[in-house]
>>> print(open('protein-v3.cif').read())   # mmCIF, N, CA and C atoms
data_final
#
loop_
_atom_site.label_atom_id
_atom_site.label_comp_id
_atom_site.auth_asym_id
_atom_site.auth_seq_id
_atom_site.Cartn_x
_atom_site.Cartn_y
_atom_site.Cartn_z
N MET A 3 124.53 154.31 198.09
CA MET A 3 124.77 153.70 199.36
C MET A 3 125.77 152.58 199.14
N THR A 4 126.56 152.28 200.13
CA THR A 4 127.57 151.23 200.09
C THR A 4 127.25 150.20 201.16
N THR A 5 127.53 148.94 200.86
CA THR A 5 127.28 147.91 201.87
C THR A 5 128.39 147.91 202.91
N SER A 6 128.09 147.30 204.03
CA SER A 6 129.10 147.16 205.09
C SER A 6 130.10 146.08 204.70
N ALA A 7 131.10 145.85 205.52
CA ALA A 7 132.10 144.82 205.26
C ALA A 7 131.48 143.43 205.20
N THR A 8 130.33 143.25 205.85
CA THR A 8 129.65 141.95 205.82
C THR A 8 128.62 141.86 204.69
N GLY A 9 128.51 142.91 203.88
CA GLY A 9 127.58 142.89 202.75
C GLY A 9 126.18 143.31 203.08
N THR A 10 125.96 143.91 204.23
CA THR A 10 124.61 144.34 204.60
C THR A 10 124.43 145.83 204.32
N PHE A 11 123.19 146.23 204.22
CA PHE A 11 122.86 147.64 204.03
C PHE A 11 121.53 147.91 204.70
N SER A 12 121.25 149.16 204.91
CA SER A 12 119.93 149.54 205.43
C SER A 12 119.50 150.82 204.75
N VAL A 13 118.19 150.96 204.62
CA VAL A 13 117.60 152.14 204.01
C VAL A 13 116.24 152.37 204.66
N VAL A 14 115.89 153.62 204.82
CA VAL A 14 114.57 153.97 205.35
C VAL A 14 113.71 154.32 204.15
N ALA A 15 112.58 153.61 204.02
CA ALA A 15 111.68 153.82 202.88
C ALA A 15 110.24 153.68 203.35
N PRO A 16 109.30 154.33 202.67
CA PRO A 16 107.88 154.20 203.06
C PRO A 16 107.41 152.76 202.91
N ALA A 17 106.74 152.23 203.92
CA ALA A 17 106.29 150.84 203.91
C ALA A 17 105.11 150.62 202.98
N ASP A 18 104.39 151.68 202.61
CA ASP A 18 103.20 151.51 201.79
C ASP A 18 103.49 151.62 200.29
N GLN A 19 104.76 151.64 199.91
CA GLN A 19 105.13 151.73 198.49
C GLN A 19 106.14 150.62 198.16
N ALA A 20 106.02 150.08 196.95
CA ALA A 20 106.99 149.08 196.50
C ALA A 20 108.37 149.74 196.38
N LEU A 21 109.39 148.95 196.60
CA LEU A 21 110.75 149.46 196.57
C LEU A 21 111.56 148.65 195.55
N GLU A 22 112.20 149.33 194.62
CA GLU A 22 113.09 148.68 193.65
C GLU A 22 114.51 148.82 194.17
N VAL A 23 115.20 147.70 194.36
CA VAL A 23 116.58 147.72 194.84
C VAL A 23 117.46 147.21 193.71
N GLU A 24 118.49 147.97 193.38
CA GLU A 24 119.44 147.59 192.34
C GLU A 24 120.84 147.77 192.89
N ALA A 25 121.66 146.73 192.76
CA ALA A 25 123.02 146.77 193.30
C ALA A 25 124.01 146.35 192.23
N TYR A 26 125.20 146.92 192.29
CA TYR A 26 126.27 146.64 191.34
C TYR A 26 127.43 145.98 192.07
N GLY A 27 127.87 144.83 191.58
CA GLY A 27 128.96 144.11 192.22
C GLY A 27 130.32 144.69 191.86
N ARG A 28 131.28 144.48 192.74
CA ARG A 28 132.65 144.97 192.49
C ARG A 28 133.28 144.29 191.29
N ARG A 29 132.94 143.02 191.05
CA ARG A 29 133.51 142.26 189.93
C ARG A 29 132.57 142.21 188.75
N GLY A 30 131.64 143.13 188.69
CA GLY A 30 130.67 143.13 187.61
C GLY A 30 129.38 142.49 188.06
N GLY A 31 128.40 142.60 187.26
CA GLY A 31 127.11 142.01 187.57
C GLY A 31 126.18 143.01 188.23
N VAL A 32 124.91 142.82 187.99
CA VAL A 32 123.87 143.65 188.55
C VAL A 32 122.84 142.74 189.19
N ALA A 33 122.37 143.11 190.36
CA ALA A 33 121.30 142.37 191.03
C ALA A 33 120.14 143.33 191.23
N ARG A 34 118.92 142.86 190.93
CA ARG A 34 117.73 143.69 191.09
C ARG A 34 116.67 142.87 191.83
N ILE A 35 115.93 143.56 192.67
CA ILE A 35 114.83 142.92 193.37
C ILE A 35 113.76 143.97 193.64
N THR A 36 112.51 143.55 193.59
CA THR A 36 111.39 144.42 193.96
C THR A 36 110.85 143.95 195.28
N VAL A 37 110.77 144.86 196.24
CA VAL A 37 110.17 144.56 197.53
C VAL A 37 108.77 145.16 197.48
N PRO A 38 107.73 144.32 197.57
CA PRO A 38 106.37 144.84 197.47
C PRO A 38 106.01 145.74 198.64
N ALA A 39 105.00 146.58 198.44
CA ALA A 39 104.49 147.41 199.53
C ALA A 39 104.15 146.52 200.71
N LYS A 40 104.53 146.96 201.89
CA LYS A 40 104.33 146.20 203.12
C LYS A 40 105.01 144.84 203.06
N GLY A 41 106.07 144.75 202.25
CA GLY A 41 106.84 143.50 202.13
C GLY A 41 107.82 143.37 203.27
N PRO A 42 108.74 142.39 203.16
CA PRO A 42 109.69 142.16 204.26
C PRO A 42 110.58 143.38 204.48
N SER A 43 110.92 143.59 205.72
CA SER A 43 111.76 144.75 206.02
C SER A 43 113.19 144.32 206.35
N SER A 44 113.43 143.03 206.35
CA SER A 44 114.80 142.54 206.59
C SER A 44 114.97 141.23 205.84
N ASP A 45 116.19 140.73 205.83
CA ASP A 45 116.52 139.47 205.18
C ASP A 45 116.23 139.47 203.67
N ILE A 46 116.43 140.59 203.04
CA ILE A 46 116.32 140.67 201.58
C ILE A 46 117.69 140.28 201.03
N VAL A 47 117.72 139.29 200.16
CA VAL A 47 118.99 138.79 199.64
C VAL A 47 119.07 139.11 198.15
N LEU A 48 120.18 139.71 197.75
CA LEU A 48 120.43 140.02 196.34
C LEU A 48 121.44 139.02 195.79
N HIS A 49 121.17 138.45 194.63
CA HIS A 49 122.09 137.52 194.00
C HIS A 49 122.60 138.14 192.71
N PHE A 50 123.93 138.21 192.60
CA PHE A 50 124.54 138.74 191.38
C PHE A 50 124.66 137.63 190.35
N ALA A 51 124.59 138.03 189.09
CA ALA A 51 124.78 137.06 188.02
C ALA A 51 126.17 136.46 188.13
N GLY A 52 126.29 135.23 187.69
CA GLY A 52 127.57 134.53 187.77
C GLY A 52 128.65 135.16 186.91
N THR A 53 129.87 134.71 187.13
CA THR A 53 131.02 135.29 186.46
C THR A 53 131.66 134.33 185.47
N ALA A 54 130.96 133.26 185.12
CA ALA A 54 131.55 132.25 184.24
C ALA A 54 130.81 132.17 182.91
N THR A 55 131.52 131.73 181.89
CA THR A 55 130.97 131.50 180.56
C THR A 55 131.33 130.08 180.14
N LEU A 56 130.37 129.37 179.57
CA LEU A 56 130.62 128.05 179.01
C LEU A 56 130.29 128.11 177.53
N GLU A 57 131.24 127.70 176.71
CA GLU A 57 131.02 127.70 175.27
C GLU A 57 131.74 126.53 174.65
N GLY A 58 131.33 126.19 173.44
CA GLY A 58 132.00 125.09 172.76
C GLY A 58 131.30 124.75 171.47
N ALA A 59 131.81 123.73 170.81
CA ALA A 59 131.22 123.23 169.58
C ALA A 59 130.90 121.76 169.77
N ILE A 60 129.72 121.37 169.33
CA ILE A 60 129.28 119.98 169.41
C ILE A 60 129.38 119.40 168.01
N THR A 61 130.13 118.31 167.89
CA THR A 61 130.33 117.66 166.59
C THR A 61 130.07 116.18 166.70
N LEU A 62 129.89 115.55 165.59
CA LEU A 62 129.82 114.10 165.46
C LEU A 62 130.88 113.75 164.45
N GLY A 63 132.08 113.43 164.92
CA GLY A 63 133.23 113.29 164.03
C GLY A 63 133.58 114.67 163.50
N ASP A 64 133.57 114.82 162.18
CA ASP A 64 133.88 116.11 161.56
C ASP A 64 132.63 116.95 161.27
N ASP A 65 131.45 116.42 161.58
CA ASP A 65 130.20 117.11 161.24
C ASP A 65 129.66 117.89 162.43
N PRO A 66 129.38 119.19 162.24
CA PRO A 66 128.79 119.97 163.34
C PRO A 66 127.35 119.53 163.59
N ILE A 67 126.94 119.59 164.85
CA ILE A 67 125.57 119.25 165.23
C ILE A 67 124.83 120.57 165.48
N SER A 68 123.98 120.94 164.54
CA SER A 68 123.21 122.19 164.69
C SER A 68 121.87 121.88 165.33
N GLY A 69 121.34 122.85 166.05
CA GLY A 69 120.02 122.72 166.66
C GLY A 69 119.96 121.78 167.85
N ALA A 70 121.11 121.42 168.41
CA ALA A 70 121.10 120.58 169.61
C ALA A 70 120.80 121.46 170.82
N MET A 71 120.06 120.92 171.77
CA MET A 71 119.75 121.63 173.01
C MET A 71 120.81 121.27 174.04
N ILE A 72 121.42 122.29 174.62
CA ILE A 72 122.43 122.12 175.66
C ILE A 72 121.76 122.47 176.99
N GLN A 73 121.84 121.56 177.96
CA GLN A 73 121.24 121.78 179.27
C GLN A 73 122.30 121.59 180.34
N LEU A 74 122.33 122.51 181.29
CA LEU A 74 123.21 122.39 182.44
C LEU A 74 122.36 122.14 183.67
N ARG A 75 122.75 121.14 184.45
CA ARG A 75 122.07 120.85 185.71
C ARG A 75 123.11 120.74 186.81
N ASN A 76 122.72 121.18 188.01
CA ASN A 76 123.58 120.98 189.17
C ASN A 76 122.73 120.34 190.26
N GLY A 77 123.30 120.12 191.42
CA GLY A 77 122.58 119.46 192.50
C GLY A 77 121.31 120.17 192.92
N THR A 78 121.25 121.49 192.74
CA THR A 78 120.06 122.23 193.19
C THR A 78 119.04 122.41 192.07
N SER A 79 119.37 121.98 190.84
CA SER A 79 118.42 122.17 189.75
C SER A 79 118.20 120.87 188.98
N SER A 80 118.24 119.74 189.67
CA SER A 80 118.16 118.46 188.99
C SER A 80 116.81 118.23 188.32
N ASP A 81 115.73 118.81 188.84
CA ASP A 81 114.42 118.60 188.22
C ASP A 81 114.21 119.46 186.98
N ARG A 82 114.90 120.54 186.87
CA ARG A 82 114.82 121.36 185.66
C ARG A 82 116.20 121.98 185.43
N PRO A 83 116.54 122.26 184.17
CA PRO A 83 117.88 122.77 183.88
C PRO A 83 118.15 124.11 184.55
N TYR A 84 119.39 124.29 184.97
CA TYR A 84 119.86 125.57 185.51
C TYR A 84 120.04 126.56 184.37
N ALA A 85 120.52 126.08 183.22
CA ALA A 85 120.76 126.95 182.07
C ALA A 85 120.57 126.16 180.78
N LEU A 86 120.17 126.86 179.74
CA LEU A 86 119.93 126.25 178.43
C LEU A 86 120.67 127.03 177.35
N ALA A 87 121.03 126.35 176.28
CA ALA A 87 121.60 126.99 175.09
C ALA A 87 121.26 126.08 173.92
N GLU A 88 121.42 126.60 172.70
CA GLU A 88 121.19 125.81 171.50
C GLU A 88 122.36 126.02 170.56
N THR A 89 122.77 124.94 169.90
CA THR A 89 123.88 125.06 168.96
C THR A 89 123.42 125.71 167.66
N ASP A 90 124.33 126.50 167.06
CA ASP A 90 124.02 127.14 165.78
C ASP A 90 124.42 126.19 164.64
N ALA A 91 124.42 126.68 163.41
CA ALA A 91 124.71 125.85 162.23
C ALA A 91 126.11 125.24 162.27
N SER A 92 127.04 125.89 162.97
CA SER A 92 128.40 125.36 163.07
C SER A 92 128.60 124.47 164.30
N GLY A 93 127.51 124.20 165.05
CA GLY A 93 127.60 123.38 166.26
C GLY A 93 128.00 124.16 167.50
N TYR A 94 128.19 125.47 167.36
CA TYR A 94 128.67 126.32 168.44
C TYR A 94 127.54 126.74 169.38
N PHE A 95 127.85 126.80 170.67
CA PHE A 95 126.92 127.35 171.66
C PHE A 95 127.72 128.19 172.66
N LYS A 96 127.01 129.09 173.34
CA LYS A 96 127.65 129.91 174.37
C LYS A 96 126.59 130.28 175.39
N ARG A 97 126.96 130.13 176.66
CA ARG A 97 126.07 130.54 177.75
C ARG A 97 126.90 131.34 178.75
N GLN A 98 126.47 132.56 179.01
CA GLN A 98 127.20 133.47 179.90
C GLN A 98 126.49 133.61 181.24
N THR A 99 127.11 134.31 182.14
CA THR A 99 126.62 134.64 183.49
C THR A 99 126.22 133.39 184.28
N LEU A 100 127.08 132.39 184.24
CA LEU A 100 126.86 131.17 185.01
C LEU A 100 127.56 131.28 186.36
N GLU A 101 127.02 130.59 187.34
CA GLU A 101 127.69 130.46 188.63
C GLU A 101 128.75 129.38 188.48
N PRO A 102 129.97 129.63 188.93
CA PRO A 102 130.97 128.57 188.90
C PRO A 102 130.51 127.36 189.71
N GLY A 103 130.90 126.17 189.26
CA GLY A 103 130.54 124.96 189.98
C GLY A 103 130.58 123.74 189.09
N SER A 104 130.16 122.61 189.65
CA SER A 104 130.11 121.35 188.93
C SER A 104 128.71 121.17 188.33
N TYR A 105 128.67 120.79 187.07
CA TYR A 105 127.41 120.64 186.36
C TYR A 105 127.40 119.35 185.56
N GLU A 106 126.20 118.88 185.27
CA GLU A 106 126.01 117.84 184.28
C GLU A 106 125.64 118.57 182.99
N LEU A 107 126.42 118.37 181.95
CA LEU A 107 126.15 118.96 180.64
C LEU A 107 125.42 117.91 179.82
N SER A 108 124.16 118.18 179.47
CA SER A 108 123.37 117.27 178.65
C SER A 108 123.24 117.86 177.26
N ILE A 109 123.35 117.00 176.27
CA ILE A 109 123.21 117.40 174.87
C ILE A 109 122.09 116.55 174.30
N VAL A 110 121.07 117.21 173.76
CA VAL A 110 119.93 116.50 173.18
C VAL A 110 119.86 116.90 171.71
N ARG A 111 119.98 115.89 170.83
CA ARG A 111 119.95 116.19 169.40
C ARG A 111 118.94 115.28 168.71
N ASN A 112 118.42 115.76 167.59
CA ASN A 112 117.51 114.96 166.79
C ASN A 112 118.31 114.02 165.92
N ASP A 113 117.76 112.84 165.69
CA ASP A 113 118.39 111.84 164.84
C ASP A 113 117.52 111.68 163.60
N SER A 114 118.12 111.83 162.43
CA SER A 114 117.35 111.74 161.18
C SER A 114 116.82 110.32 160.95
N ASN A 115 117.36 109.32 161.63
CA ASN A 115 116.92 107.94 161.46
C ASN A 115 115.85 107.52 162.47
N SER A 116 115.48 108.41 163.37
CA SER A 116 114.53 108.05 164.42
C SER A 116 113.70 109.27 164.80
N SER A 117 112.51 109.01 165.33
CA SER A 117 111.68 110.13 165.80
C SER A 117 112.04 110.52 167.22
N GLU A 118 112.84 109.69 167.90
CA GLU A 118 113.26 109.97 169.27
C GLU A 118 114.57 110.74 169.29
N PRO A 119 114.68 111.78 170.13
CA PRO A 119 115.95 112.48 170.24
C PRO A 119 117.00 111.61 170.93
N ILE A 120 118.25 111.87 170.65
CA ILE A 120 119.36 111.16 171.29
C ILE A 120 119.92 112.06 172.36
N LYS A 121 120.17 111.51 173.55
CA LYS A 121 120.65 112.30 174.68
C LYS A 121 122.03 111.81 175.10
N TYR A 122 122.90 112.77 175.38
CA TYR A 122 124.24 112.51 175.85
C TYR A 122 124.44 113.35 177.11
N SER A 123 125.33 112.92 177.99
CA SER A 123 125.65 113.77 179.14
C SER A 123 127.08 113.51 179.59
N THR A 124 127.66 114.54 180.15
CA THR A 124 129.01 114.49 180.67
C THR A 124 129.14 115.50 181.79
N ALA A 125 130.08 115.31 182.68
CA ALA A 125 130.30 116.24 183.77
C ALA A 125 131.24 117.35 183.31
N VAL A 126 130.96 118.58 183.74
CA VAL A 126 131.85 119.71 183.45
C VAL A 126 132.06 120.51 184.73
N GLU A 127 133.24 121.05 184.87
CA GLU A 127 133.58 121.95 185.99
C GLU A 127 133.67 123.35 185.40
N VAL A 128 132.82 124.25 185.85
CA VAL A 128 132.78 125.62 185.34
C VAL A 128 133.45 126.53 186.35
N LYS A 129 134.45 127.28 185.89
CA LYS A 129 135.18 128.21 186.76
C LYS A 129 134.96 129.63 186.26
N ALA A 130 135.25 130.61 187.10
CA ALA A 130 135.10 132.01 186.70
C ALA A 130 135.92 132.25 185.45
N GLY A 131 135.36 132.99 184.50
CA GLY A 131 136.03 133.26 183.23
C GLY A 131 135.45 132.40 182.13
N ALA A 132 136.24 132.17 181.08
CA ALA A 132 135.79 131.38 179.93
C ALA A 132 136.08 129.91 180.17
N ASN A 133 135.11 129.07 179.87
CA ASN A 133 135.23 127.61 179.97
C ASN A 133 134.80 127.02 178.64
N TYR A 134 135.50 126.00 178.20
CA TYR A 134 135.21 125.42 176.90
C TYR A 134 134.75 123.98 177.04
N ALA A 135 133.69 123.65 176.33
CA ALA A 135 133.12 122.30 176.39
C ALA A 135 132.96 121.77 174.97
N ASN A 136 134.04 121.81 174.19
CA ASN A 136 134.00 121.21 172.86
C ASN A 136 133.78 119.71 173.03
N THR A 137 132.79 119.17 172.35
CA THR A 137 132.44 117.77 172.55
C THR A 137 132.22 117.08 171.22
N ASP A 138 132.98 116.01 170.99
CA ASP A 138 132.76 115.14 169.84
C ASP A 138 131.89 113.99 170.33
N LEU A 139 130.67 113.92 169.83
CA LEU A 139 129.71 112.93 170.32
C LEU A 139 130.10 111.50 170.01
N THR A 140 131.07 111.29 169.09
CA THR A 140 131.51 109.92 168.85
C THR A 140 132.26 109.38 170.06
N LYS A 141 132.70 110.25 170.97
CA LYS A 141 133.45 109.85 172.16
C LYS A 141 132.58 109.81 173.42
N VAL A 142 131.29 110.14 173.30
CA VAL A 142 130.39 110.17 174.45
C VAL A 142 129.26 109.17 174.18
N GLN A 143 128.99 108.32 175.14
CA GLN A 143 127.93 107.32 174.98
C GLN A 143 126.55 107.95 175.16
N PRO A 144 125.62 107.72 174.22
CA PRO A 144 124.26 108.22 174.44
C PRO A 144 123.58 107.41 175.56
N HIS A 145 122.58 108.03 176.14
CA HIS A 145 121.81 107.30 177.18
C HIS A 145 120.34 107.42 176.91
#
>>> encode(input="protein-v3.cif", output="structure tokens")
Amino acid sequence: MTTSATGTFSVVAPADQALEVEAYGRRGGVARITVPAKGPSSDIVLHFAGTATLEGAITLGDDPISGAMIQLRNGTSSDRPYALAETDASGYFKRQTLEPGSYELSIVRNDSNSSEPIKYSTAVEVKAGANYANTDLTKVQPH
């Protein structure tokens, strides 16, 4: 089945059985939703995975920061991260299928001199395609 020009579709299905809906976007991405038996018959919204990737290396001067937690937050996910990643031994991280937009990029790393983690944050603009967030922590103030 194909959606209309406005992105709507209709299907006749038995109301007493759960319905699995799977859609494929023109620019890639898959959206899936399960409509329970006797569930809603209209206003079902499918969200496709985002089309952006954020990747980079986190360093402290010339030293890679391994095992740092990378958190992305936006205005709608301020209480919990929208996306998470962790740096590998070379300080590299990559997070795919993000929605383009403005985010706060938080970096949380352990400090060998303290039991408390050190937190850094900076603003990033994520656009469709590949985005790079190489960050030298000597240039970012911890908070």
>>> residues_near_point(input="protein-v3.cif", point="(129.1, 132.7, 190.1)", cutoff="7 Å", atoms="only N, CA and C atoms", output="PyMOL selection string")
chain A and resi 50-54+99-103+130
>>> residues_around(input="protein-v3.cif", residues="A:Ile35", least_positions_apart="6", cutoff="10 Å", atoms="only C-alpha atoms", output="JSON, numbers by chain")
{"A": [21, 22, 23, 24, 25, 46, 47, 48, 49]}
>>> write_last_selection(input="protein-v3.cif", atoms="N, CA and C atoms", output="PDB file, keeping the file's coordinate frame")
ATOM      1  N   LEU A  21     109.390 148.950 196.600  1.00  0.00           N
ATOM      2  CA  LEU A  21     110.750 149.460 196.570  1.00  0.00           C
ATOM      3  C   LEU A  21     111.560 148.650 195.550  1.00  0.00           C
ATOM      4  N   GLU A  22     112.200 149.330 194.620  1.00  0.00           N
ATOM      5  CA  GLU A  22     113.090 148.680 193.650  1.00  0.00           C
ATOM      6  C   GLU A  22     114.510 148.820 194.170  1.00  0.00           C
ATOM      7  N   VAL A  23     115.200 147.700 194.360  1.00  0.00           N
ATOM      8  CA  VAL A  23     116.580 147.720 194.840  1.00  0.00           C
ATOM      9  C   VAL A  23     117.460 147.210 193.710  1.00  0.00           C
ATOM     10  N   GLU A  24     118.490 147.970 193.380  1.00  0.00           N
ATOM     11  CA  GLU A  24     119.440 147.590 192.340  1.00  0.00           C
ATOM     12  C   GLU A  24     120.840 147.770 192.890  1.00  0.00           C
ATOM     13  N   ALA A  25     121.660 146.730 192.760  1.00  0.00           N
ATOM     14  CA  ALA A  25     123.020 146.770 193.300  1.00  0.00           C
ATOM     15  C   ALA A  25     124.010 146.350 192.230  1.00  0.00           C
ATOM     16  N   ILE A  46     116.430 140.590 203.040  1.00  0.00           N
ATOM     17  CA  ILE A  46     116.320 140.670 201.580  1.00  0.00           C
ATOM     18  C   ILE A  46     117.690 140.280 201.030  1.00  0.00           C
ATOM     19  N   VAL A  47     117.720 139.290 200.160  1.00  0.00           N
ATOM     20  CA  VAL A  47     118.990 138.790 199.640  1.00  0.00           C
ATOM     21  C   VAL A  47     119.070 139.110 198.150  1.00  0.00           C
ATOM     22  N   LEU A  48     120.180 139.710 197.750  1.00  0.00           N
ATOM     23  CA  LEU A  48     120.430 140.020 196.340  1.00  0.00           C
ATOM     24  C   LEU A  48     121.440 139.020 195.790  1.00  0.00           C
ATOM     25  N   HIS A  49     121.170 138.450 194.630  1.00  0.00           N
ATOM     26  CA  HIS A  49     122.090 137.520 194.000  1.00  0.00           C
ATOM     27  C   HIS A  49     122.600 138.140 192.710  1.00  0.00           C
TER      28      HIS A  49
END
>>> closest_residue(input="protein-v3.cif", among="A:Pro38, A:Ser117, A:Gln98, A:Ser92", to="A:Asp65", atoms="only C-alpha atoms")
A:Ser92
>>> residues_around(input="protein-v3.cif", residues="A:Arg75", least_positions_apart="4", cutoff="6.5 Å", atoms="only N, CA and C atoms", output="list in words")
Ser79, Ser80, Arg82, Pro83, Tyr84, Ala85, Ser104, Tyr105, Glu106, Leu107 and Ser108 of chain A
>>> resolve_selection(input="protein-v3.cif", expression="the PyMOL selection byres ((chain A and resi 119-123) around 5)", output="list in words")
Leu107, Ser108, Ile109, Val110, Arg111, Asn112, Asp113, Ser117, Glu118, Thr124, Ala125, Pro144 and His145 of chain A
>>> closest_residue(input="protein-v3.cif", among="A:Asn136, A:Thr10, A:Thr4, A:Asn76", to="A:Tyr26", atoms="only C-alpha atoms")
A:Thr4
>>> atom_distance(input="protein-v3.cif", atom1="atom CA of A:Ala70", atom2="atom N of A:Glu88")
6.8 Å
>>> closest_residue(input="protein-v3.cif", among="A:Ile67, A:Leu86, A:Ala59, A:Val37", to="A:Thr137", atoms="only C-alpha atoms")
A:Ala59
>>> closest_residue(input="protein-v3.cif", among="A:Ala7, A:Leu56, A:Asp18, A:Gly131", to="A:Lys40", atoms="all atoms listed in the file")
A:Asp18
>>> residues_around(input="protein-v3.cif", residues="A:Leu62", least_positions_apart="6", cutoff="7 Å", atoms="only C-alpha atoms", output="ChimeraX atom specification")
/A:138-140
>>> closest_residue(input="protein-v3.cif", among="A:Val14, A:Asp81, A:Ala39, A:Gly93", to="A:Gly63", atoms="only C-alpha atoms")
A:Gly93
>>> axis_aligned_box(input="protein-v3.cif", around="stretch 97-104 of chain A", padding_each_side="8 Å", output="AutoDock Vina command-line options")
--center_x 128.5 --center_y 127.9 --center_z 183.3 --size_x 20.9 --size_y 29.5 --size_z 29.3
>>> atom_distance(input="protein-v3.cif", atom1="atom CA of A:Tyr94", atom2="atom N of A:Gly77")
24.4 Å
>>> select_by_dssp(input="protein-v3.cif", residues="chain A", states="strand (DSSP E or B)", output="JSON, numbers by chain")
{"A": [21, 22, 23, 24, 25, 26, 32, 33, 34, 35, 36, 37, 54, 55, 56, 57, 58, 59, 60, 61, 62, 65, 66, 71, 72, 73, 74, 75, 85, 86, 87, 88, 94, 95, 96, 97, 98, 99, 100, 103, 104, 105, 106, 107, 108, 109, 110, 111, 120, 121, 122, 123, 124, 125, 126, 127, 128, 131, 132, 133, 134, 137, 138, 144]}
>>> resolve_selection(input="protein-v3.cif", expression="the PyMOL selection byres ((chain A and resi 57) around 6.5)", output="ChimeraX atom specification")
/A:55-56,58-59,95-97,132-136
>>> decode(input="protein-v3.cif", residues="stretch 61-122 of chain A", atoms="C-alpha atoms", output="CSV table (one decimal), in the first residue's frame")
chain,number,residue,atom,x,y,z
A,61,THR,CA,40.5,13.7,24.0
A,62,LEU,CA,42.2,15.5,26.9
A,63,GLY,CA,45.1,17.2,25.0
A,64,ASP,CA,46.7,14.3,23.1
A,65,ASP,CA,45.2,11.6,25.3
A,66,PRO,CA,42.1,9.7,24.2
A,67,ILE,CA,39.3,9.5,26.8
A,68,SER,CA,38.0,5.9,26.8
A,69,GLY,CA,34.8,4.8,28.6
A,70,ALA,CA,33.3,8.3,28.6
A,71,MET,CA,29.5,8.4,28.4
A,72,ILE,CA,28.1,10.6,25.7
A,73,GLN,CA,24.6,12.0,26.2
A,74,LEU,CA,22.5,14.0,23.8
A,75,ARG,CA,19.6,16.0,25.2
A,76,ASN,CA,17.1,18.3,23.4
A,77,GLY,CA,14.2,20.4,24.6
A,78,THR,CA,11.9,17.5,24.6
A,79,SER,CA,14.2,15.1,26.4
A,80,SER,CA,15.7,17.3,29.1
A,81,ASP,CA,14.8,14.9,32.0
A,82,ARG,CA,16.5,11.9,30.3
A,83,PRO,CA,18.9,11.6,27.4
A,84,TYR,CA,17.6,11.4,23.9
A,85,ALA,CA,20.6,9.3,22.8
A,86,LEU,CA,23.6,7.7,24.5
A,87,ALA,CA,27.0,6.4,23.3
A,88,GLU,CA,30.3,5.4,24.9
A,89,THR,CA,33.8,6.2,23.8
A,90,ASP,CA,36.1,3.3,22.9
A,91,ALA,CA,39.8,2.9,23.7
A,92,SER,CA,40.7,5.5,21.1
A,93,GLY,CA,38.1,8.0,22.5
A,94,TYR,CA,35.9,7.5,19.5
A,95,PHE,CA,32.1,7.3,19.6
A,96,LYS,CA,29.3,7.1,17.0
A,97,ARG,CA,25.6,7.4,17.2
A,98,GLN,CA,23.4,6.9,14.2
A,99,THR,CA,19.7,7.4,13.3
A,100,LEU,CA,19.4,10.7,15.1
A,101,GLU,CA,16.8,13.3,14.3
A,102,PRO,CA,18.4,16.5,13.0
A,103,GLY,CA,18.2,19.4,15.5
A,104,SER,CA,19.9,21.3,18.3
A,105,TYR,CA,21.3,19.2,21.2
A,106,GLU,CA,23.2,19.6,24.3
A,107,LEU,CA,26.2,17.1,24.1
A,108,SER,CA,27.2,16.0,27.6
A,109,ILE,CA,30.4,14.1,28.2
A,110,VAL,CA,30.8,12.3,31.5
A,111,ARG,CA,34.2,10.8,32.3
A,112,ASN,CA,35.8,9.2,35.4
A,113,ASP,CA,38.7,11.0,37.0
A,114,SER,CA,41.5,8.8,38.4
A,115,ASN,CA,42.0,11.5,41.1
A,116,SER,CA,38.5,11.5,42.4
A,117,SER,CA,35.5,9.2,43.0
A,118,GLU,CA,33.2,11.8,41.4
A,119,PRO,CA,32.8,11.8,37.6
A,120,ILE,CA,33.6,15.0,35.7
A,121,LYS,CA,30.9,16.4,33.4
A,122,TYR,CA,31.3,18.6,30.4
